[in-house]
Number of protein chains: 2
Amino acid sequence: MSIDDGLVVATITTSLDGFVAGPNQSLEDPLGERGEELHEWLFSATEPASADVTGEILGGAAVIQGRNMFGPIRGEWPDDAWKGWWGDDPPYHAPVFVLTHHPREPVEMLGGTTFHFVTGGIEAALERARAVAGGGRISVAGGASTIRQFLTAGLLDRLILSIAPITLGAGERLFDGVELGGESGIRLTPVQVFENAAATHVVYDVGR
Amino acid sequence: MSIDDGLVVATITTSLDGFVAGPNQSLEDPLGERGEELHEWLFSATEPASADVTGEILGGAAVIQGRNMFGPIRGEWPDDAWKGWWGDDPPYHAPVFVLTHHPREPVEMLGGTTFHFVTGGIEAALERARAVAGGGRISVAGGASTIRQFLTAGLLDRLILSIAPITLGAGERLFDGVELGGESGIRLTPVQVFENAAATHVVYDVGR
């Protein structure tokens with residue numbers, strides 16, 4: 001049992017100037033220019049986060065993610081060839097519910113990850129994730145627009161922001177159009193921090 | 001002796017979307033709309049930071065600040081009436097070197113704060129601050145443009161960012177035009193965190 005079993009927890013990495021992807025995203029550069037630098041805390045050879053910290057941040061008994069986190073394809077699925085950005089053994093090791101407007105049969109990968117495709121929006125995805133999570137954490141694994149939808153719908157219990165010590169200057173803003181604090185009714189309260197040399201990971205409780 | 005004696009340490013509070021002041025700054029609203037919310041960690045009646053943490057973050061044997069941090073006046077000093085935003089007993093308790101283009105005699109306040117006016121730019125201010133700091137920390141107490149000048153000139157040893165859990169959506173960007181990471185040659189490394197419920201305070205070493 002973890003302290004956040006049953007909670008809906010979003011995780012994403014942001015630059016110090018509030019971007020979760022750099023400018024000019026493309027198939028070759030899905031995170032935009034310099035966007036890969038955001039994730040040095042995960043992939044750096046010299047100072048990656050420990051497996052424990054990575055598990056605390058990214059772990060989930062079930063995962064929900066936006067379409068862009070699964071692939072670059074727009075419109076109907078052209079065939080069954082695309083199986084995600086994540087290789088044959090994706091890092092989720094759990095059922096992953098991909099938000100899409102286009103139905104597709106589930107795709108079973110190695111290591112316990114199965115991609116399911118949900119066309120009913122975030123509420124439907126959350127219902128399906130809860131049904132298989134066995135009371136464990138439900139991870140909302142980006143991207144930014146999916147996290148904004150969960151935040152503004154009041155469906156998020158926690159947000160874990162990994163703050164990379166860089167600026168990107170332009171790109172996709174995590175909180176584009178989302179007011180936090182003030183009269184928005186959405187209050188974040190920092191409750192825990194994981195530190196490492198490549199990023200600062202702040203756990204926020206989301207309240208109203 | 002503190003571990004950062006002799007270091008040049010900038011401190012500022014930012015929103016999660018990278019703003020250090022809200023939109024529409026004015027004489028009545030020097031931090032812009034909702035800008036005061038940034039500083040709830042200092043002034044909140046319910047969850048202020050402890051005096052120890054506040055001292056660690058804001059303390060300095062000598063202080064350097066931009067003109068806007070001292071007052072709203074532009075051009076020549078009209079008279080001696082304006083003595084800063086900070087009341088008769090400013091929170092600095094140390095010599096404060098105010099960057100300005102317009103000379104003025106020093107202004108001695110209660111509690112050990114004296115405002116000195118420096119017209120030679122950041123290098124001149126730093127030289128004067130070092131001369132009186134007795135080997136102690138030199139605090140660069142904002143605003144954003146002053147911190148950007150120190151960062152890009154390579155004169156900053158540490159940056160302490162107090163990250164308030166709010167968004168402002170518009171206003172003054174802390175890192176406007178400043179690239180961190182990438183090929184900029186400026187590398188921030190988080191080395192320490194002070195947590196409280198109203199903000200997360202991250203101490204960055206500034207390297208090249």
# chains A, B, ... in the order shown; residues from 1 in each chain; ligands from 1
$ select_by_dssp --residues "region 31-87 of chain A" --states "strand (DSSP E)" --output "ChimeraX atom specification"
/A:62-65
$ closest_atom_pairs --of "chain A" --to "chain B" --cutoff "8 Å" --atoms "only C-alpha atoms" --output "tab-separated table"
residue	atom	partner	partner_atom	distance
A:Leu16	CA	B:Gly18	CA	6.6
A:Asp17	CA	B:Gly18	CA	4.7
A:Gly18	CA	B:Asp17	CA	4.7
A:Arg34	CA	B:Gly182	CA	7.1
A:Glu37	CA	B:Gly182	CA	7.6
A:Pro165	CA	B:Leu188	CA	5.6
A:Ile166	CA	B:Leu180	CA	4.7
A:Thr167	CA	B:Leu180	CA	5.1
A:Leu168	CA	B:Glu179	CA	7.0
A:Gly169	CA	B:Glu179	CA	7.1
A:Arg173	CA	B:Asp17	CA	7.9
A:Leu174	CA	B:Asp17	CA	7.9
A:Phe175	CA	B:Asp17	CA	6.8
A:Asp176	CA	B:Gly169	CA	7.6
A:Gly177	CA	B:Gly169	CA	7.2
A:Val178	CA	B:Thr167	CA	7.6
A:Glu179	CA	B:Thr167	CA	5.7
A:Leu180	CA	B:Ile166	CA	4.7
A:Gly181	CA	B:Ile166	CA	5.0
A:Gly182	CA	B:Arg34	CA	7.1
A:Arg187	CA	B:Pro165	CA	7.6
A:Leu188	CA	B:Pro165	CA	5.6
A:Thr189	CA	B:Ala197	CA	5.8
A:Pro190	CA	B:Ala197	CA	5.6
A:Val191	CA	B:Ala197	CA	6.7
A:Gln192	CA	B:Glu195	CA	7.8
A:Val193	CA	B:Glu195	CA	7.6
A:Glu195	CA	B:Val193	CA	7.6
A:Asn196	CA	B:Pro190	CA	7.2
A:Ala197	CA	B:Pro190	CA	5.6
A:Ala198	CA	B:Thr189	CA	6.7
A:Ala199	CA	B:Pro190	CA	6.9
A:Thr200	CA	B:Pro190	CA	7.0
A:Val202	CA	B:Thr200	CA	7.9
$ write_last_selection --atoms "N, CA and C atoms" --output "compact mmCIF listing (two decimals), in the first residue's frame"
# COMPACT_ATOMS: atom_id res chain seq x y z
N LEU A 16 11.58 25.86 -16.18
CA LEU A 16 11.38 26.94 -15.22
C LEU A 16 10.50 28.04 -15.78
N ASP A 17 10.42 28.15 -17.09
CA ASP A 17 9.52 29.15 -17.67
C ASP A 17 8.18 28.55 -18.10
N GLY A 18 7.87 27.35 -17.61
CA GLY A 18 6.50 26.85 -17.73
C GLY A 18 6.16 26.08 -18.99
N ARG A 34 14.86 21.23 -28.10
CA ARG A 34 15.42 21.16 -26.74
C ARG A 34 14.48 20.51 -25.73
N GLU A 37 15.75 17.94 -23.24
CA GLU A 37 16.50 18.38 -22.05
C GLU A 37 15.64 18.34 -20.79
N PRO A 165 15.76 22.45 -14.48
CA PRO A 165 16.40 23.76 -14.28
C PRO A 165 16.84 24.41 -15.58
N ILE A 166 15.92 24.48 -16.53
CA ILE A 166 16.21 25.07 -17.84
C ILE A 166 15.06 25.99 -18.23
N THR A 167 15.32 26.82 -19.22
CA THR A 167 14.24 27.56 -19.87
C THR A 167 14.16 27.07 -21.31
N LEU A 168 12.95 27.13 -21.88
CA LEU A 168 12.78 26.78 -23.30
C LEU A 168 12.37 28.00 -24.13
N GLY A 169 11.84 29.02 -23.49
CA GLY A 169 11.56 30.28 -24.20
C GLY A 169 10.29 30.29 -25.01
N ARG A 173 2.76 25.52 -23.33
CA ARG A 173 2.67 25.91 -21.91
C ARG A 173 1.80 24.93 -21.15
N LEU A 174 2.32 24.45 -20.02
CA LEU A 174 1.55 23.50 -19.22
C LEU A 174 0.22 24.10 -18.80
N PHE A 175 0.23 25.33 -18.30
CA PHE A 175 -0.97 25.90 -17.69
C PHE A 175 -1.68 26.89 -18.60
N ASP A 176 -1.52 26.71 -19.90
CA ASP A 176 -2.14 27.61 -20.86
C ASP A 176 -3.65 27.72 -20.59
N GLY A 177 -4.08 28.90 -20.20
CA GLY A 177 -5.51 29.11 -19.98
C GLY A 177 -6.05 28.56 -18.68
N VAL A 178 -5.18 28.00 -17.83
CA VAL A 178 -5.64 27.46 -16.54
C VAL A 178 -5.21 28.40 -15.43
N GLU A 179 -6.18 28.92 -14.67
CA GLU A 179 -5.84 29.75 -13.52
C GLU A 179 -5.76 28.87 -12.28
N LEU A 180 -4.67 29.03 -11.55
CA LEU A 180 -4.49 28.36 -10.26
C LEU A 180 -4.38 29.44 -9.19
N GLY A 181 -5.04 29.24 -8.05
CA GLY A 181 -5.08 30.28 -7.03
C GLY A 181 -6.11 31.32 -7.40
N GLY A 182 -6.02 32.48 -6.73
CA GLY A 182 -6.95 33.57 -7.00
C GLY A 182 -8.39 33.12 -6.82
N ARG A 187 -6.74 25.18 -5.90
CA ARG A 187 -5.63 25.50 -5.00
C ARG A 187 -4.64 24.36 -4.99
N LEU A 188 -3.40 24.66 -5.32
CA LEU A 188 -2.34 23.66 -5.18
C LEU A 188 -1.62 23.91 -3.86
N THR A 189 -1.33 22.84 -3.15
CA THR A 189 -0.54 22.95 -1.92
C THR A 189 0.61 21.97 -2.01
N PRO A 190 1.86 22.49 -1.98
CA PRO A 190 2.99 21.56 -2.03
C PRO A 190 3.05 20.74 -0.74
N VAL A 191 3.12 19.42 -0.89
CA VAL A 191 3.11 18.55 0.29
C VAL A 191 4.36 17.69 0.41
N GLN A 192 5.14 17.58 -0.66
CA GLN A 192 6.33 16.73 -0.61
C GLN A 192 7.26 17.14 -1.76
N VAL A 193 8.56 16.95 -1.55
CA VAL A 193 9.53 17.26 -2.61
C VAL A 193 10.52 16.11 -2.70
N GLU A 195 14.20 15.56 -4.37
CA GLU A 195 15.25 16.36 -4.97
C GLU A 195 16.23 15.47 -5.72
N ASN A 196 16.64 15.88 -6.89
CA ASN A 196 17.90 15.36 -7.41
C ASN A 196 18.57 16.46 -8.22
N ALA A 197 19.76 16.19 -8.70
CA ALA A 197 20.56 17.27 -9.27
C ALA A 197 20.05 17.71 -10.63
N ALA A 198 19.16 16.94 -11.25
CA ALA A 198 18.71 17.28 -12.59
C ALA A 198 17.29 17.82 -12.63
N ALA A 199 16.58 17.74 -11.52
CA ALA A 199 15.23 18.31 -11.45
C ALA A 199 14.76 18.31 -10.01
N THR A 200 13.74 19.12 -9.74
CA THR A 200 13.10 19.17 -8.43
C THR A 200 11.66 18.72 -8.63
N VAL A 202 8.05 18.29 -7.24
CA VAL A 202 7.17 18.80 -6.19
C VAL A 202 5.81 18.12 -6.31
$ closest_residue --among "B:Gly87, B:Arg208, B:Gly171, B:His201" --to "Val53 (chain B)" --atoms "only C-alpha atoms"
B:His201
$ closest_residue --among "B:Gly66, B:Pro48, B:Gly154, B:Gly134" --to "Val96 (chain B)" --atoms "only C-alpha atoms"
B:Gly66
$ atom_distance --atom1 "CA of Arg104 (chain A)" --atom2 "CA of Ala129 (chain A)"
17.0 Å
$ select_by_dssp --residues "chain B" --states "helix (DSSP H, G or I)" --output "ChimeraX atom specification"
/B:35-43,51-58,67-70,110-112,121-133,144-152
$ write_last_selection --atoms "C-alpha atoms" --output "short mmCIF file (atom, residue, chain, number, x, y, z; two decimals), in the first residue's frame"
data_model
loop_
_atom_site.label_atom_id
_atom_site.label_comp_id
_atom_site.auth_asym_id
_atom_site.auth_seq_id
_atom_site.Cartn_x
_atom_site.Cartn_y
_atom_site.Cartn_z
CA GLY B 35 0.95 39.75 -7.77
CA GLU B 36 0.54 39.92 -3.98
CA GLU B 37 -0.51 36.25 -4.03
CA LEU B 38 3.08 35.37 -4.91
CA HIS B 39 4.24 36.43 -1.46
CA GLU B 40 1.72 34.63 0.71
CA TRP B 41 4.59 32.47 1.93
CA LEU B 42 6.03 35.63 3.53
CA PHE B 43 2.90 37.40 4.67
CA ALA B 51 11.90 33.07 10.56
CA ASP B 52 14.83 30.69 10.04
CA VAL B 53 13.76 29.85 6.50
CA THR B 54 12.98 33.46 5.70
CA GLY B 55 16.43 34.42 6.95
CA GLU B 56 18.09 31.68 4.88
CA ILE B 57 16.27 32.86 1.79
CA LEU B 58 16.34 36.64 2.15
CA ARG B 67 15.27 50.82 -8.88
CA ASN B 68 11.73 49.43 -9.10
CA MET B 69 12.26 47.50 -5.90
CA PHE B 70 12.92 50.80 -4.14
CA LEU B 110 15.59 52.26 11.21
CA GLY B 111 16.88 48.77 12.00
CA GLY B 112 20.24 49.03 10.29
CA GLY B 121 25.59 49.57 -12.94
CA ILE B 122 25.70 46.10 -11.46
CA GLU B 123 29.50 45.75 -11.36
CA ALA B 124 29.84 48.98 -9.39
CA ALA B 125 27.05 47.95 -7.04
CA LEU B 126 28.67 44.56 -6.49
CA GLU B 127 32.02 46.16 -5.72
CA ARG B 128 30.44 48.47 -3.15
CA ALA B 129 28.43 45.63 -1.62
CA ARG B 130 31.53 43.45 -1.29
CA ALA B 131 33.37 46.28 0.38
CA VAL B 132 30.85 46.41 3.23
CA ALA B 133 29.68 42.77 3.41
CA ALA B 144 13.57 40.40 -12.39
CA SER B 145 15.61 42.62 -14.70
CA THR B 146 18.34 43.04 -12.10
CA ILE B 147 18.52 39.27 -11.60
CA ARG B 148 18.66 38.74 -15.38
CA GLN B 149 21.57 41.19 -15.59
CA PHE B 150 23.50 39.36 -12.87
CA LEU B 151 22.73 35.97 -14.45
CA THR B 152 23.81 36.87 -17.94
#
$ residues_around --residues "Trp82 (chain A)" --least-positions-apart "3" --cutoff "12 Å" --atoms "only C-alpha atoms" --output "list in words"
Phe70, Gly71, Pro72, Ile73, Trp77, Pro78, Asp79, Trp85, Trp86, Gly87, Asp88, Arg104, Val107, Met109 and Phe115 of chain A
$ write_last_selection --atoms "C-alpha atoms" --output "PDB file, in the first residue's frame"
ATOM      1  CA  PHE A  70       0.959   7.496 -27.600  1.00  0.00           C
ATOM      2  CA  GLY A  71       1.758   8.625 -31.104  1.00  0.00           C
ATOM      3  CA  PRO A  72       1.838  11.368 -33.721  1.00  0.00           C
ATOM      4  CA  ILE A  73      -1.036   9.964 -35.781  1.00  0.00           C
ATOM      5  CA  TRP A  77      -5.670   4.687 -37.150  1.00  0.00           C
ATOM      6  CA  PRO A  78      -4.117   3.809 -40.514  1.00  0.00           C
ATOM      7  CA  ASP A  79      -3.167   0.241 -39.507  1.00  0.00           C
ATOM      8  CA  TRP A  85       6.605   5.930 -28.721  1.00  0.00           C
ATOM      9  CA  TRP A  86       7.753   3.607 -25.988  1.00  0.00           C
ATOM     10  CA  GLY A  87       9.257   0.527 -27.648  1.00  0.00           C
ATOM     11  CA  ASP A  88       8.278  -3.110 -27.158  1.00  0.00           C
ATOM     12  CA  ARG A 104      -8.984   0.604 -31.948  1.00  0.00           C
ATOM     13  CA  VAL A 107      -2.494  -3.540 -28.094  1.00  0.00           C
ATOM     14  CA  MET A 109       3.030  -5.089 -25.216  1.00  0.00           C
ATOM     15  CA  PHE A 115      -2.761   0.023 -24.500  1.00  0.00           C
TER      16      PHE A 115
END
$ residues_around --residues "Ile12 (chain B)" --least-positions-apart "2" --cutoff "7 Å" --atoms "only C-alpha atoms" --output "list in words"
Ala10, Thr14, Ala141, Gly142, Ile160, Leu161 and Ser162 of chain B
$ atom_distance --atom1 "CA of Val63 (chain B)" --atom2 "CA of Glu33 (chain B)"
26.8 Å
$ atom_distance --atom1 "CA of Glu105 (chain B)" --atom2 "CA of Ala153 (chain B)"
27.6 Å
